[in-house]
file my_file.txt (compact mmCIF, C-alpha atoms)
# COMPACT_ATOMS: atom_id res chain seq x y z
CA MET Q 1 -4.12 21.35 -28.27
CA SER Q 2 -1.89 19.95 -25.60
CA VAL Q 3 -2.58 16.84 -23.59
CA ALA Q 4 -0.92 16.37 -20.20
CA ALA Q 5 1.23 13.28 -19.88
CA PRO Q 6 -0.66 10.58 -18.02
CA ARG Q 7 0.29 9.89 -14.42
CA PHE Q 8 -0.70 7.04 -12.13
CA TYR Q 9 -2.41 8.44 -9.04
CA PHE Q 10 -3.15 6.96 -5.62
CA GLU Q 11 -6.65 5.98 -6.77
CA ASP Q 12 -5.22 4.08 -9.75
CA VAL Q 13 -2.95 1.84 -7.69
CA VAL Q 14 -4.35 -1.68 -7.34
CA LEU Q 15 -3.62 -3.42 -4.05
CA HIS Q 16 -1.70 -6.67 -4.70
CA GLY Q 17 -1.31 -5.76 -8.34
CA VAL Q 18 1.95 -7.30 -9.60
CA LEU Q 19 4.20 -5.56 -12.11
CA GLU Q 20 6.95 -7.39 -13.95
CA THR Q 21 9.43 -5.20 -15.82
CA PRO Q 22 11.47 -5.93 -18.95
CA ALA Q 23 15.04 -7.01 -18.29
CA MET Q 24 18.39 -5.27 -18.67
CA THR Q 25 21.95 -6.51 -18.75
CA VAL Q 26 24.18 -4.81 -16.19
CA THR Q 27 27.42 -3.83 -17.91
CA GLU Q 28 30.85 -2.50 -17.03
CA ALA Q 29 29.58 0.87 -18.30
CA HIS Q 30 26.85 0.95 -15.63
CA VAL Q 31 29.43 0.18 -12.96
CA ALA Q 32 31.79 2.89 -14.24
CA LEU Q 33 29.06 5.54 -14.50
CA TYR Q 34 27.72 4.65 -11.07
CA GLY Q 35 31.20 4.84 -9.60
CA GLY Q 36 31.80 8.21 -11.21
CA VAL Q 37 28.58 9.78 -9.99
CA THR Q 38 28.51 8.37 -6.48
CA GLY Q 39 32.10 7.55 -5.56
CA ASP Q 40 30.87 4.11 -4.51
CA GLY Q 41 32.40 1.03 -6.09
CA ALA Q 42 32.30 -2.73 -6.20
CA ARG Q 43 34.01 -4.81 -3.54
CA GLU Q 44 35.88 -6.77 -6.18
CA HIS Q 45 36.38 -6.61 -9.91
CA GLY Q 46 33.52 -8.19 -11.84
CA LEU Q 47 30.98 -7.64 -9.08
CA VAL Q 48 28.23 -5.05 -9.37
CA PRO Q 49 28.30 -2.43 -6.55
CA ASP Q 50 25.88 -3.38 -3.78
CA LEU Q 51 23.47 -0.47 -4.20
CA LEU Q 52 23.46 -0.33 -8.00
CA PRO Q 53 20.71 -2.98 -8.52
CA LEU Q 54 18.53 -1.00 -6.09
CA CYS Q 55 19.12 2.16 -8.16
CA LEU Q 56 18.40 0.37 -11.45
CA THR Q 57 15.14 -1.13 -10.23
CA THR Q 58 13.53 2.33 -10.05
CA GLY Q 59 14.25 2.91 -13.74
CA LEU Q 60 13.07 -0.59 -14.67
CA GLY Q 61 9.76 0.38 -13.09
CA TRP Q 62 9.37 2.99 -15.83
CA ARG Q 63 9.38 0.40 -18.58
CA VAL Q 64 6.01 -1.16 -17.83
CA PRO Q 65 2.80 -0.43 -19.77
CA GLN Q 66 1.50 1.88 -17.06
CA PRO Q 67 2.06 5.63 -16.57
CA PRO Q 68 4.59 6.66 -13.91
CA LEU Q 69 3.40 6.84 -10.32
CA ALA Q 70 2.63 10.43 -9.20
CA VAL Q 71 5.16 10.31 -6.37
CA LEU Q 72 5.08 13.32 -4.02
CA ALA Q 73 7.88 11.96 -1.85
CA PHE Q 74 9.93 8.80 -1.48
CA MET Q 75 9.68 8.11 2.25
CA GLY Q 76 11.83 5.09 2.85
CA VAL Q 77 13.31 1.82 1.74
CA GLU Q 78 14.21 -1.45 3.44
CA TRP Q 79 16.48 -3.58 1.34
CA ALA Q 80 18.34 -6.86 1.58
CA ALA Q 81 20.91 -8.59 -0.61
CA ASP Q 82 20.34 -12.30 -1.19
CA ALA Q 83 23.05 -13.10 -3.73
CA PRO Q 84 25.88 -11.24 -5.49
CA LEU Q 85 25.28 -9.77 -8.94
CA ARG Q 86 28.05 -9.93 -11.56
CA VAL Q 87 28.75 -7.75 -14.57
CA GLY Q 88 27.03 -9.40 -17.54
CA ASP Q 89 24.08 -10.65 -15.50
CA THR Q 90 20.62 -9.68 -16.73
CA ILE Q 91 18.09 -8.44 -14.20
CA HIS Q 92 14.46 -7.54 -14.14
CA SER Q 93 12.26 -6.43 -11.33
CA ARG Q 94 8.97 -7.60 -9.90
CA SER Q 95 6.84 -5.51 -7.59
CA GLU Q 96 3.60 -5.80 -5.69
CA THR Q 97 1.67 -3.12 -3.82
CA THR Q 98 1.02 -4.50 -0.35
CA LEU Q 99 -0.42 -1.46 1.41
CA LYS Q 100 -2.50 1.57 0.44
CA ARG Q 101 -3.38 4.14 3.09
CA SER Q 102 -5.26 7.31 2.24
CA MET Q 103 -3.98 10.47 3.94
CA LYS Q 104 -5.16 14.06 3.96
CA GLU Q 105 -2.59 14.98 1.31
CA GLY Q 106 -2.22 12.03 -1.02
CA GLY Q 107 -1.75 8.50 0.20
CA VAL Q 108 0.95 6.14 1.37
CA ILE Q 109 1.84 3.14 -0.75
CA ILE Q 110 4.11 0.27 0.21
CA GLU Q 111 5.58 -1.77 -2.59
CA GLN Q 112 7.47 -5.05 -2.19
CA ARG Q 113 10.12 -5.41 -4.86
CA GLN Q 114 12.48 -8.11 -6.03
CA VAL Q 115 15.42 -7.95 -8.40
CA VAL Q 116 15.64 -11.24 -10.28
CA ASN Q 117 18.56 -12.50 -12.42
CA GLN Q 118 18.54 -14.46 -15.69
CA ARG Q 119 18.25 -17.76 -13.80
CA GLY Q 120 15.14 -16.58 -11.95
CA GLU Q 121 17.04 -16.19 -8.67
CA VAL Q 122 16.15 -13.27 -6.42
CA VAL Q 123 19.38 -11.30 -5.93
CA GLN Q 124 17.98 -8.42 -3.87
CA HIS Q 125 14.59 -7.63 -2.38
CA GLY Q 126 12.87 -5.19 -0.09
CA LYS Q 127 10.14 -2.64 0.28
CA PHE Q 128 9.61 0.94 -0.83
CA THR Q 129 7.34 3.47 0.88
CA PHE Q 130 5.99 6.34 -1.24
CA LEU Q 131 3.70 9.28 -0.67
CA VAL Q 132 1.59 9.45 -3.83
CA ALA Q 133 -0.66 12.26 -5.09
CA LYS Q 134 -4.40 11.82 -5.39
CA ARG Q 135 -6.09 12.52 -8.70
CA PRO Q 136 -6.69 16.28 -9.03
CA ALA Q 137 -10.40 17.07 -8.63
CA MET X 138 52.04 -5.25 1.10
CA ALA X 139 50.21 -5.15 4.40
CA ASP X 140 46.44 -5.42 4.25
CA SER X 141 45.17 -2.03 5.47
CA ARG X 142 41.52 -3.06 5.48
CA ARG X 143 39.74 -3.02 8.80
CA PHE X 144 38.59 -6.44 9.93
CA PHE X 145 35.69 -7.38 12.21
CA ASP X 146 38.14 -7.60 15.11
CA ASP X 147 39.45 -4.06 14.47
CA ILE X 148 36.06 -2.35 14.45
CA ALA X 149 34.69 -1.18 17.81
CA VAL X 150 31.08 -0.50 18.76
CA GLY X 151 30.74 3.25 19.32
CA GLU X 152 33.27 4.26 16.65
CA GLU X 153 32.19 7.37 14.79
CA TYR X 154 33.17 8.78 11.44
CA GLU X 155 32.42 12.00 9.62
CA SER X 156 32.97 12.29 5.89
CA PRO X 157 34.07 15.30 3.87
CA GLY X 158 31.22 17.31 2.35
CA ARG X 159 30.02 16.90 -1.19
CA THR X 160 28.01 19.43 -3.17
CA VAL X 161 25.26 17.76 -5.17
CA THR X 162 25.00 19.39 -8.58
CA GLU X 163 22.50 19.44 -11.42
CA ALA X 164 24.98 17.29 -13.37
CA ASP X 165 24.87 14.59 -10.67
CA ILE X 166 21.07 14.43 -10.92
CA VAL X 167 21.04 14.36 -14.73
CA LEU X 168 23.68 11.61 -14.80
CA PHE X 169 21.82 9.58 -12.19
CA ALA X 170 18.56 9.91 -14.16
CA GLY X 171 20.40 8.68 -17.24
CA LEU X 172 22.06 5.82 -15.41
CA SER X 173 19.03 4.60 -13.49
CA GLY X 174 16.35 5.43 -16.04
CA ASP X 175 14.35 7.16 -13.32
CA TYR X 176 13.11 10.32 -15.07
CA ASN X 177 10.50 11.19 -12.46
CA ILE X 178 9.49 14.85 -12.86
CA LEU X 179 10.65 15.45 -9.27
CA HIS X 180 14.19 15.22 -10.65
CA THR X 181 13.88 16.29 -14.29
CA ASP X 182 11.19 18.96 -14.83
CA ALA X 183 12.28 22.35 -13.47
CA GLU X 184 9.07 24.10 -14.55
CA PHE X 185 6.73 21.57 -12.96
CA MET X 186 8.76 21.58 -9.76
CA LYS X 187 8.49 25.38 -9.39
CA GLN X 188 4.87 24.77 -8.38
CA SER X 189 5.62 21.85 -6.07
CA ILE X 190 6.15 21.95 -2.30
CA PHE X 191 9.91 21.78 -2.98
CA GLY X 192 9.95 24.78 -5.35
CA GLU X 193 12.63 23.22 -7.55
CA ARG X 194 14.03 19.88 -8.75
CA ILE X 195 15.35 17.60 -6.02
CA ALA X 196 17.89 14.79 -6.11
CA HIS X 197 16.69 11.19 -6.35
CA GLY X 198 16.49 9.76 -2.83
CA LEU X 199 18.56 6.82 -4.02
CA LEU X 200 21.22 9.21 -5.37
CA GLY X 201 21.63 10.54 -1.84
CA LEU X 202 21.82 6.97 -0.53
CA ALA X 203 24.44 6.03 -3.13
CA ILE X 204 26.49 9.20 -2.55
CA GLN X 205 26.64 8.51 1.17
CA ALA X 206 27.97 5.03 0.36
CA GLY X 207 30.72 6.80 -1.59
CA LEU X 208 31.30 9.24 1.27
CA PHE X 209 31.64 6.32 3.68
CA THR X 210 34.72 5.16 1.78
CA ARG X 211 36.21 8.64 2.35
CA ALA X 212 35.27 8.71 6.05
CA THR X 213 37.13 5.61 7.23
CA GLN X 214 39.60 3.03 5.96
CA ALA X 215 37.83 0.33 3.98
CA TYR X 216 36.25 -2.51 5.92
CA ALA X 217 37.15 -6.07 4.90
CA THR X 218 33.56 -6.44 3.72
CA LEU X 219 32.48 -9.84 2.44
CA ALA X 220 28.89 -8.91 1.70
CA PHE X 221 26.33 -6.18 1.96
CA VAL X 222 23.49 -7.69 3.99
CA GLY X 223 20.83 -4.99 4.02
CA LEU X 224 19.66 -1.55 5.03
CA ARG X 225 16.76 0.36 6.53
CA TRP X 226 16.57 3.92 5.27
CA LYS X 227 14.39 7.01 5.65
CA PHE X 228 14.28 10.04 3.38
CA LYS X 229 13.61 12.92 5.77
CA GLY X 230 14.01 15.94 3.55
CA PRO X 231 14.95 17.00 0.04
CA ILE X 232 18.48 17.34 -1.32
CA LYS X 233 18.37 20.33 -3.65
CA ILE X 234 20.79 21.34 -6.40
CA GLY X 235 23.77 23.05 -4.76
CA ASP X 236 23.26 21.48 -1.34
CA THR X 237 26.38 20.13 0.35
CA ILE X 238 25.88 16.88 2.18
CA ARG X 239 28.10 14.89 4.50
CA LEU X 240 27.81 11.56 6.26
CA ARG X 241 27.95 10.94 9.99
CA ALA X 242 28.27 7.27 10.80
CA LYS X 243 28.48 5.28 14.02
CA VAL X 244 29.05 1.58 14.63
CA THR X 245 26.12 0.49 16.81
CA ALA X 246 26.43 -3.29 16.93
CA LYS X 247 28.72 -6.22 16.20
CA LYS X 248 27.43 -9.73 16.06
CA GLU X 249 29.24 -13.01 15.66
CA THR X 250 27.73 -15.48 13.24
CA SER X 251 27.72 -19.25 12.93
CA LYS X 252 30.76 -18.94 10.66
CA PRO X 253 33.98 -18.24 12.60
CA ASP X 254 35.60 -16.28 9.75
CA ARG X 255 33.08 -13.42 9.67
CA GLY X 256 30.81 -11.16 11.70
CA LEU X 257 27.94 -8.75 11.23
CA VAL X 258 28.55 -5.00 11.71
CA THR X 259 25.68 -2.51 12.03
CA VAL X 260 26.40 1.10 11.12
CA GLU X 261 23.94 3.89 11.89
CA ARG X 262 24.18 6.65 9.29
CA THR X 263 22.93 10.21 9.09
CA VAL X 264 23.19 12.41 6.00
CA VAL X 265 23.17 16.12 6.90
CA ASN X 266 23.12 19.19 4.68
CA GLN X 267 25.02 22.49 5.01
CA ARG X 268 22.48 23.76 7.55
CA GLY X 269 22.90 20.69 9.72
CA GLU X 270 19.47 19.36 8.79
CA VAL X 271 19.12 15.58 8.57
CA VAL X 272 18.03 14.78 5.02
CA GLN X 273 18.42 11.00 5.19
CA GLU X 274 19.08 8.48 7.92
CA GLY X 275 19.17 4.78 8.47
CA GLU X 276 21.34 1.81 9.19
CA THR X 277 23.26 -0.70 7.15
CA GLU X 278 24.40 -4.22 7.92
CA LEU X 279 27.65 -5.54 6.53
CA MET X 280 29.27 -8.96 6.74
CA VAL X 281 32.91 -8.33 7.60
CA GLU X 282 35.82 -10.76 7.53
CA ARG X 283 37.65 -11.67 10.75
CA ARG X 284 41.41 -11.72 11.04
CA ARG X 285 42.93 -15.14 10.60
CA LYS X 286 44.33 -16.37 13.86
call {"tool": "encode", "arguments": {"input": "my_file.txt", "output": "structure tokens"}}
result
Amino acid sequence: MSVAAPRFYFEDVVLHGVLETPAMTVTEAHVALYGGVTGDGAREHGLVPDLLPLCLTTGLGWRVPQPPLAVLAFMGVEWAADAPLRVGDTIHSRSETTLKRSMKEGGVIIEQRQVVNQRGEVVQHGKFTFLVAKRPA
Amino acid sequence: MADSRRFFDDIAVGEEYESPGRTVTEADIVLFAGLSGDYNILHTDAEFMKQSIFGERIAHGLLGLAIQAGLFTRATQAYATLAFVGLRWKFKGPIKIGDTIRLRAKVTAKKETSKPDRGLVTVERTVVNQRGEVVQEGETELMVERRRK
């Protein structure tokens, strides 16, 4: 017997539900790998490239006790940097669903997210817009 | 050695840049999944994606965003950037394995700030594929150093 991996559908998303992820330390290895894949680097040695925390927050979102969101399409992101992040800093992410709108095909979800460092300071924040599948009938 | 970076004073509203192309490969997507920890089936399950509206795996949207940041550094001399301020970004279409993307960028605004040593530069950016289709677009705001008088 095979059981399909669970997915989190539009109907499962709780408006104003808050998710706090485990933390991760951002290392020189992350910076090097990121630089190799993207060709984008840090402005100065010891700093984490500007867009790397944004990229890491999506993976952090997978480490919560909830199945992955059944994303049909990532529609957009608005993002702001509040403070620099340095190699060796430890980040986690906090998110809250602030809008749910049902559409013909799936539904739109807006999530506010923050990346927080080991001192509890918000280093980056913004909002993600996703098109999410509805539970198959 | 002379500082070849471009300062706030050197950058003009209306300037346009076009980057070289870059072919996005399966390896890029696998590496980015490993780096970010985002293993969404959109990017990692070829069999599932055969039945999706895309017909195959697609690149992470944020991989496209990060690659265009890399392409920007190949499109113009480096800015004397002090800080990344923020961005607004839309994912308009998929980037598929084997697609070649390039960045078109245009400086749309310059704003002085309360600090005399820096200014805000807004760059409008469009990521196009080999067919000229816009796959991503948006704008970024950077805090750029001014030349010392």
call {"tool": "atom_distance", "arguments": {"input": "my_file.txt", "atom1": "atom CA of Q:Arg86", "atom2": "atom CA of Q:Thr58"}}
result
19.1 Å
call {"tool": "interface_residues", "arguments": {"input": "my_file.txt", "of": "chain Q", "to": "chain X", "cutoff": "10 Å", "atoms": "all atoms listed in the file", "output": "number ranges by chain"}}
result
Q: 29-31, 33-41, 43-44, 49-63, 68-84, 124-129
call {"tool": "atom_distance", "arguments": {"input": "my_file.txt", "atom1": "atom CA of X:Leu257", "atom2": "atom CA of Q:Gln112"}}
result
24.8 Å
call {"tool": "atom_distance", "arguments": {"input": "my_file.txt", "atom1": "atom CA of Q:Val132", "atom2": "atom CA of X:Gln267"}}
result
28.2 Å
call {"tool": "residues_around", "arguments": {"input": "my_file.txt", "residues": "stretch 95-109 of chain Q", "least_positions_apart": "6", "cutoff": "7 Å", "atoms": "only C-alpha atoms", "output": "number ranges by chain"}}
result
Q: 10, 15-20, 129-134
call {"tool": "write_last_selection", "arguments": {"input": "my_file.txt", "atoms": "C-alpha atoms", "output": "mmCIF file, keeping the file's coordinate frame"}}
result
data_model
loop_
_atom_site.group_PDB
_atom_site.id
_atom_site.type_symbol
_atom_site.label_atom_id
_atom_site.label_comp_id
_atom_site.auth_asym_id
_atom_site.auth_seq_id
_atom_site.Cartn_x
_atom_site.Cartn_y
_atom_site.Cartn_z
ATOM 1 C CA PHE Q 10 -3.150 6.960 -5.620
ATOM 2 C CA LEU Q 15 -3.620 -3.420 -4.050
ATOM 3 C CA HIS Q 16 -1.700 -6.670 -4.700
ATOM 4 C CA GLY Q 17 -1.310 -5.760 -8.340
ATOM 5 C CA VAL Q 18 1.950 -7.300 -9.600
ATOM 6 C CA LEU Q 19 4.200 -5.560 -12.110
ATOM 7 C CA GLU Q 20 6.950 -7.390 -13.950
ATOM 8 C CA THR Q 129 7.340 3.470 0.880
ATOM 9 C CA PHE Q 130 5.990 6.340 -1.240
ATOM 10 C CA LEU Q 131 3.700 9.280 -0.670
ATOM 11 C CA VAL Q 132 1.590 9.450 -3.830
ATOM 12 C CA ALA Q 133 -0.660 12.260 -5.090
ATOM 13 C CA LYS Q 134 -4.400 11.820 -5.390
#
call {"tool": "closest_residue", "arguments": {"input": "my_file.txt", "among": "X:Val244, X:Ala183, X:Leu279, X:Ile238", "to": "X:Val264", "atoms": "all atoms listed in the file"}}
result
X:Ile238
